Amino acid sequence: MRDKYDVLIVGAGVGGLYTALNLDANINALVVCKRQLKLCNSSLAQGGVAAVLDTVNDSYELHVKDTLIAGGYLNNVEAVETLVEEGPGDVRKIIEMGANFDRVNGELNKTLEGGHCRRRIVHHKDSTGEEMMRTLIAAVKSHKNIEIVEDTALCFLDETSGGYYATLLGADGFKTVGVSFVVLATGGIGRVYQYTTNSAIATGDGIAIAADLGASIKNLHFIQFHPTAFAAAKGRERFLISEAVRGEGAVLLNNEHKRFMDRYDERLELAPRDVVSRSIILESRRTGSESFYLDITHRESNFIKDRFPMIYERCLHEGVDITKSPIPIFPCHHYLMGGIDVDLNSRTRINRLYAVGECSHTGVHGKNRLASNSLLEALVFGRRSADDINKSSPTAGSVTGKPIIHQTDGAPMPSGMRTTIRRMLQKAYFVIPDIDSALKYSSEIEDIKNRLYRNKFKVNTDYLEARSLARVASIIIGEVVNQ
Ligand SMILES: Cc1cc2nc3c(=O)[nH]c(=O)nc-3n(C[C@H](O)[C@H](O)[C@H](O)COP(=O)(O)OP(=O)(O)OC[C@H]3O[C@@H](n4cnc5c(N)ncnc54)[C@H](O)[C@@H]3O)c2cc1C
């Protein structure tokens with residue numbers, strides 16, 4: 001690792017890697033990721049990427065309309081139009097790079113997911129994210145101007161003349177690098193909940209660091225709870241049963257193994273995610289049971305195994321043969337629509353600081369993300385951030401001033417803080433906000449946050465993540481209380 005770079009990209013999911021690939025070849029970029037390259041939400045994406053690739057049976061207007069309906073019309077319409085109109089170009093580009101999306105007779109095989117009125121989701125079986133990551137990693141490795149360093153976390157970011165000093169914690173300890181521009185692509189916040197579909201890296205670090213710098217953080221309580229996470233798995237990370245399973249005809253059953261969605265929404269199982277999650281919680285209150293199932297057994301066994309090989313294997317591993325038995329499911333935290341507020345070029349309100357992907361708030365998703373629009377957002381607005389930086393001709397040489405030396409030694413952080421934060425948020429806001437609990441916890445979460453920021457604890461990734469979780473949880477609880 002050098003002392004200076006033109007651009008620092010924090011995060012190596014689809015957002016970070018696609019941004020790096022779109023930088024001009026004469027710009028040198030450092031991409032860091034907290035753990036291994038493949039450990040991120042991008043790798044977990046199952047369903048696919050939504051894009052209008054066929055303007056005979058589909059149209060931009062319809063994709064915009066579906067996105068706005070799902071988002072409760074709280075979307076930024078200009079951002080939605082940009083996403084929908086430019087997205088197909090980026091999807092074609094990643095196909096040209098080698099992404100192997102499923103085809104029938106040579107034509108892309110497009111699937112349907114909740115909230116979409118047309119089959120417009122391209123996918124690689126049920127592991128689309130893994131395939132996109134494979135493609136992007138291979139491409140990035142062939143670009144000489146991009147250096148990727150794994151197991152390296154951004155801990156502090158300080159503005160200086162001509163850019164930033166970034167304090168990174170890697171295998172060899174702390175290192176400060178000077179950079180002309182910073183792109184935050186740190187992903188989601190799932191680990192602030194007790195149960196989430198998100199990977200272990202999703203602790204909201206970029207959001208907390210941007211907030212500390214004075215960036216505007218918008219709508220962090222716009223959280224998507226996925227209706228169908230596998231309910232019987234052990235551990236904090238819940239395995240997702242993709243929306244595409246409902247797209248292919250699976251039905252939801254209550255504890256009496258009866259369909260119930262007609263009680264709540266005329267779109268039944270294909271209603272948007274927030275509607276289905278809410279319906280499950282209301283049905284759970286009605287029946288007094290948290291037992292719910294997703295049933296696709298009426299489809300042909302070979303079709304299920306071929307269309308959903310990963311889900312089939314994972315469920316089988318957990319003791320459920322989905323070709324023969326309904327799958328136990330329950331909602332859990334899944335996706336963040338809010339984040340670091342950015343404009344159409346992914347600029348935050350802080351000079352030279354950009355945010356892309358799940359940590360950003362472009363406004364495309366409104367109150368609720370339409371399925372398969374987030375990988376598309378990471379592509380479109382990642383490329384746009386790179387285009388904007390390319391125009392500014394960043395030069396690491398212009399970064400001057402003395403780096404701040406942060407105190408990194410201190411007492412170990414007391415154990416149990418992360419658990420307390422998760423417990424509070426789970427109670428205050430899970431699918432349906434609980435205002436009384438949010439009010440009760442609002443000062444407690446402030447205390448935890450202040451302890452983490454003010455006491456001089458030893459800085460390691462555990463501390464860094466706890467600090468981020470506290471910052472994020474305090475913003476969410478504050479928004480719930482004030483809405
Ligand atoms: C189970 C699951 C299924 C999904 N299915 C779909 C789908 O079918 N279609 C769709 O469109 N979307 C889907 N999504 C959502 C989508 O995958 C994500 O929104 C998207 O991939 C986010 O990409 P990203 O680049 O912003 O973040 P990520 O891919 O999560 O990458 C974040 C990166 O930031 C790094 N990082 C974090 N903090 C730090 C730090 N302090 N220092 C250094 N590095 C850091 C991480 O190491 C990682 O490299 C799914 C998500 C999940 C969890």
# chains A, B, ... in the order shown; residues from 1 in each chain; ligands from 1

$ residues_around --residues "range 28-45 of chain A" --least-positions-apart "6" --cutoff "6 Å" --atoms "only C-alpha atoms" --output "list in words"
Tyr5, Asp6, Val7, Leu8, Ile9, Val10, Gly11, Ala12, Gly13, Val14, Thr128, Gly129, Glu130, Asn145, Ile146, Glu147, Ile148, Val149, Glu150, Asp151, Thr152, Ala153, Asn198 and Ser199 of chain A

$ write_last_selection --atoms "N, CA, C and O atoms" --output "compact mmCIF listing (two decimals), in the first residue's frame"
# COMPACT_ATOMS: atom_id res chain seq x y z
N TYR A 5 -3.13 8.06 -2.74
CA TYR A 5 -3.88 7.57 -3.92
C TYR A 5 -4.79 8.69 -4.42
O TYR A 5 -5.19 9.56 -3.65
N ASP A 6 -5.13 8.61 -5.70
CA ASP A 6 -6.08 9.60 -6.23
C ASP A 6 -7.46 9.38 -5.61
O ASP A 6 -8.13 10.33 -5.23
N VAL A 7 -7.87 8.11 -5.55
CA VAL A 7 -9.21 7.80 -5.05
C VAL A 7 -9.15 6.62 -4.09
O VAL A 7 -8.47 5.62 -4.35
N LEU A 8 -9.86 6.75 -2.97
CA LEU A 8 -10.04 5.61 -2.05
C LEU A 8 -11.48 5.15 -2.17
O LEU A 8 -12.42 5.96 -2.02
N ILE A 9 -11.67 3.87 -2.45
CA ILE A 9 -13.02 3.30 -2.45
C ILE A 9 -13.12 2.37 -1.25
O ILE A 9 -12.33 1.41 -1.14
N VAL A 10 -14.05 2.67 -0.37
CA VAL A 10 -14.18 1.87 0.85
C VAL A 10 -15.32 0.89 0.63
O VAL A 10 -16.50 1.26 0.67
N GLY A 11 -14.97 -0.37 0.36
CA GLY A 11 -15.98 -1.39 0.10
C GLY A 11 -15.78 -2.02 -1.27
O GLY A 11 -15.52 -1.32 -2.26
N ALA A 12 -15.88 -3.34 -1.31
CA ALA A 12 -15.62 -4.07 -2.55
C ALA A 12 -16.77 -4.98 -2.93
O ALA A 12 -16.58 -6.09 -3.42
N GLY A 13 -18.00 -4.49 -2.68
CA GLY A 13 -19.17 -5.20 -3.21
C GLY A 13 -19.40 -4.73 -4.64
O GLY A 13 -18.51 -4.13 -5.27
N VAL A 14 -20.59 -4.97 -5.15
CA VAL A 14 -20.89 -4.55 -6.53
C VAL A 14 -20.72 -3.03 -6.67
O VAL A 14 -20.15 -2.54 -7.66
N THR A 128 -27.32 -14.88 -8.21
CA THR A 128 -26.95 -13.81 -9.14
C THR A 128 -25.79 -12.96 -8.61
O THR A 128 -24.87 -12.60 -9.35
N GLY A 129 -25.84 -12.64 -7.31
CA GLY A 129 -24.81 -11.77 -6.74
C GLY A 129 -23.43 -12.40 -6.81
O GLY A 129 -22.44 -11.73 -7.13
N GLU A 130 -23.37 -13.69 -6.54
CA GLU A 130 -22.10 -14.41 -6.58
C GLU A 130 -21.51 -14.34 -7.99
O GLU A 130 -20.32 -14.12 -8.18
N ASN A 145 -4.53 0.05 -12.63
CA ASN A 145 -4.67 1.26 -11.81
C ASN A 145 -5.46 1.02 -10.51
O ASN A 145 -5.62 1.92 -9.71
N ILE A 146 -5.94 -0.23 -10.33
CA ILE A 146 -6.75 -0.51 -9.13
C ILE A 146 -6.01 -1.48 -8.22
O ILE A 146 -5.62 -2.57 -8.65
N GLU A 147 -5.82 -1.06 -6.97
CA GLU A 147 -5.20 -1.96 -5.98
C GLU A 147 -6.27 -2.35 -4.96
O GLU A 147 -6.96 -1.49 -4.42
N ILE A 148 -6.42 -3.66 -4.73
CA ILE A 148 -7.43 -4.10 -3.76
C ILE A 148 -6.73 -4.67 -2.54
O ILE A 148 -5.82 -5.49 -2.66
N VAL A 149 -7.13 -4.22 -1.35
CA VAL A 149 -6.55 -4.77 -0.13
C VAL A 149 -7.68 -5.30 0.75
O VAL A 149 -8.59 -4.56 1.11
N GLU A 150 -7.58 -6.59 1.08
CA GLU A 150 -8.61 -7.21 1.92
C GLU A 150 -8.27 -7.04 3.40
O GLU A 150 -7.17 -6.61 3.74
N ASP A 151 -9.20 -7.44 4.26
CA ASP A 151 -9.00 -7.40 5.72
C ASP A 151 -8.49 -6.06 6.21
O ASP A 151 -7.61 -5.99 7.09
N THR A 152 -8.99 -5.00 5.63
CA THR A 152 -8.53 -3.65 5.97
C THR A 152 -9.74 -2.74 6.15
O THR A 152 -10.51 -2.54 5.21
N ALA A 153 -9.88 -2.21 7.36
CA ALA A 153 -11.07 -1.41 7.67
C ALA A 153 -10.76 0.08 7.78
O ALA A 153 -9.75 0.45 8.39
N ASN A 198 -28.37 -10.13 6.15
CA ASN A 198 -27.11 -9.49 5.72
C ASN A 198 -25.87 -10.23 6.19
O ASN A 198 -25.89 -10.92 7.22
N SER A 199 -24.77 -9.99 5.50
CA SER A 199 -23.50 -10.62 5.86
C SER A 199 -22.88 -9.88 7.05
O SER A 199 -23.31 -8.77 7.41

$ residues_around --residues "range 52-54 of chain A" --least-positions-apart "4" --cutoff "8 Å" --atoms "only C-alpha atoms" --output "list in words"
Asp58, Ser59, Tyr60, His63, Val84, Gly87, Pro88 and Arg120 of chain A

$ write_last_selection --atoms "N, CA, C and O atoms" --output "compact mmCIF listing (two decimals), in the first residue's frame"
# COMPACT_ATOMS: atom_id res chain seq x y z
N ASP A 58 -42.08 -4.63 -22.62
CA ASP A 58 -41.89 -3.88 -21.37
C ASP A 58 -41.54 -2.44 -21.76
O ASP A 58 -41.30 -2.13 -22.93
N SER A 59 -41.51 -1.53 -20.77
CA SER A 59 -41.13 -0.15 -21.09
C SER A 59 -40.53 0.51 -19.84
O SER A 59 -40.77 0.07 -18.71
N TYR A 60 -39.76 1.59 -20.08
CA TYR A 60 -39.21 2.35 -18.95
C TYR A 60 -40.34 2.86 -18.07
O TYR A 60 -40.24 2.85 -16.85
N HIS A 63 -41.46 0.23 -15.63
CA HIS A 63 -40.49 -0.03 -14.55
C HIS A 63 -40.50 1.14 -13.55
O HIS A 63 -40.47 0.94 -12.34
N VAL A 84 -33.74 3.67 -14.19
CA VAL A 84 -34.44 2.81 -15.14
C VAL A 84 -33.90 3.00 -16.56
O VAL A 84 -33.71 2.04 -17.32
N GLY A 87 -29.95 2.00 -16.50
CA GLY A 87 -29.66 0.65 -15.99
C GLY A 87 -29.39 -0.39 -17.06
O GLY A 87 -28.41 -1.15 -16.96
N PRO A 88 -30.23 -0.46 -18.11
CA PRO A 88 -30.00 -1.49 -19.12
C PRO A 88 -28.58 -1.43 -19.71
O PRO A 88 -27.97 -2.47 -19.99
N ARG A 120 -38.81 -8.99 -15.93
CA ARG A 120 -37.68 -8.15 -16.36
C ARG A 120 -36.43 -8.39 -15.52
O ARG A 120 -35.50 -7.61 -15.58

$ residues_around --residues "Asn75 in chain A" --least-positions-apart "2" --cutoff "9 Å" --atoms "only C-alpha atoms" --output "VMD selection string"
chain A and resid 67 to 68 71 to 73 77 to 80 362 to 368

$ closest_residue --among "A:Val431, A:Ala138, A:Ala20, A:Val459" --to "Gly173 in chain A" --atoms "only C-alpha atoms"
A:Val459

$ closest_residue --among "A:Ala232, A:Leu157, A:Ala185, A:Ile475" --to "Ile329 in chain A" --atoms "only C-alpha atoms"
A:Ala232

$ residues_around --residues "Lys458 in chain A" --least-positions-apart "5" --cutoff "7 Å" --atoms "only C-alpha atoms" --output "ChimeraX atom specification"
/A:408-413

$ closest_residue --among "A:Gly98, A:Glu113, A:Lys456, A:Ala171" --to "His406 in chain A" --atoms "only C-alpha atoms"
A:Lys456

$ residues_around --residues "range 256-268 of chain A" --least-positions-apart "3" --cutoff "12 Å" --atoms "only C-alpha atoms" --output "PDB file with C-alpha atoms, in the first residue's frame"
ATOM      1  CA  GLY A 114     -43.195  -9.146  -6.255  1.00  0.00           C
ATOM      2  CA  GLY A 115     -44.213  -5.651  -7.384  1.00  0.00           C
ATOM      3  CA  HIS A 116     -43.012  -6.055 -11.008  1.00  0.00           C
ATOM      4  CA  CYS A 117     -45.728  -6.079 -13.676  1.00  0.00           C
ATOM      5  CA  ARG A 246     -43.213 -16.557  -4.980  1.00  0.00           C
ATOM      6  CA  GLY A 247     -42.709 -15.261  -8.520  1.00  0.00           C
ATOM      7  CA  GLY A 249     -46.002 -19.608  -7.815  1.00  0.00           C
ATOM      8  CA  ALA A 250     -45.178 -20.387  -4.159  1.00  0.00           C
ATOM      9  CA  VAL A 251     -47.968 -19.556  -1.704  1.00  0.00           C
ATOM     10  CA  LEU A 252     -47.841 -18.356   1.917  1.00  0.00           C
ATOM     11  CA  LEU A 253     -49.525 -20.441   4.621  1.00  0.00           C
ATOM     12  CA  ALA A 271     -47.633  -7.758  -3.169  1.00  0.00           C
ATOM     13  CA  PRO A 272     -44.486  -5.680  -2.424  1.00  0.00           C
ATOM     14  CA  ARG A 273     -42.269  -6.854   0.432  1.00  0.00           C
ATOM     15  CA  ASP A 274     -43.381  -4.350   3.058  1.00  0.00           C
ATOM     16  CA  VAL A 275     -47.013  -5.311   2.474  1.00  0.00           C
ATOM     17  CA  VAL A 276     -46.278  -9.041   2.741  1.00  0.00           C
ATOM     18  CA  SER A 277     -44.104  -8.606   5.889  1.00  0.00           C
ATOM     19  CA  ARG A 278     -46.758  -6.472   7.531  1.00  0.00           C
ATOM     20  CA  SER A 279     -49.449  -8.981   6.576  1.00  0.00           C
ATOM     21  CA  ILE A 280     -47.475 -11.794   8.210  1.00  0.00           C
ATOM     22  CA  ILE A 281     -47.070  -9.788  11.434  1.00  0.00           C
ATOM     23  CA  LEU A 282     -50.800  -8.920  11.478  1.00  0.00           C
ATOM     24  CA  GLU A 283     -51.738 -12.551  10.761  1.00  0.00           C
ATOM     25  CA  SER A 284     -49.334 -13.604  13.514  1.00  0.00           C
ATOM     26  CA  ARG A 286     -54.488 -12.685  14.754  1.00  0.00           C
ATOM     27  CA  THR A 287     -53.516 -16.337  15.152  1.00  0.00           C
ATOM     28  CA  GLY A 288     -51.173 -15.881  18.123  1.00  0.00           C
ATOM     29  CA  SER A 289     -48.534 -17.930  16.311  1.00  0.00           C
ATOM     30  CA  GLU A 290     -45.209 -17.181  14.596  1.00  0.00           C
ATOM     31  CA  SER A 291     -45.405 -20.345  12.462  1.00  0.00           C
ATOM     32  CA  PHE A 292     -45.583 -19.497   8.752  1.00  0.00           C
ATOM     33  CA  TYR A 293     -44.711 -21.437   5.615  1.00  0.00           C
ATOM     34  CA  LEU A 294     -43.919 -20.891   1.961  1.00  0.00           C
ATOM     35  CA  ASP A 295     -45.184 -23.720  -0.205  1.00  0.00           C
ATOM     36  CA  SER A 325     -42.624 -29.868   2.311  1.00  0.00           C
ATOM     37  CA  PRO A 326     -43.526 -26.224   2.916  1.00  0.00           C
ATOM     38  CA  ILE A 327     -40.605 -24.032   4.023  1.00  0.00           C
ATOM     39  CA  PRO A 328     -40.787 -22.472   7.533  1.00  0.00           C
TER      40      PRO A 328
END
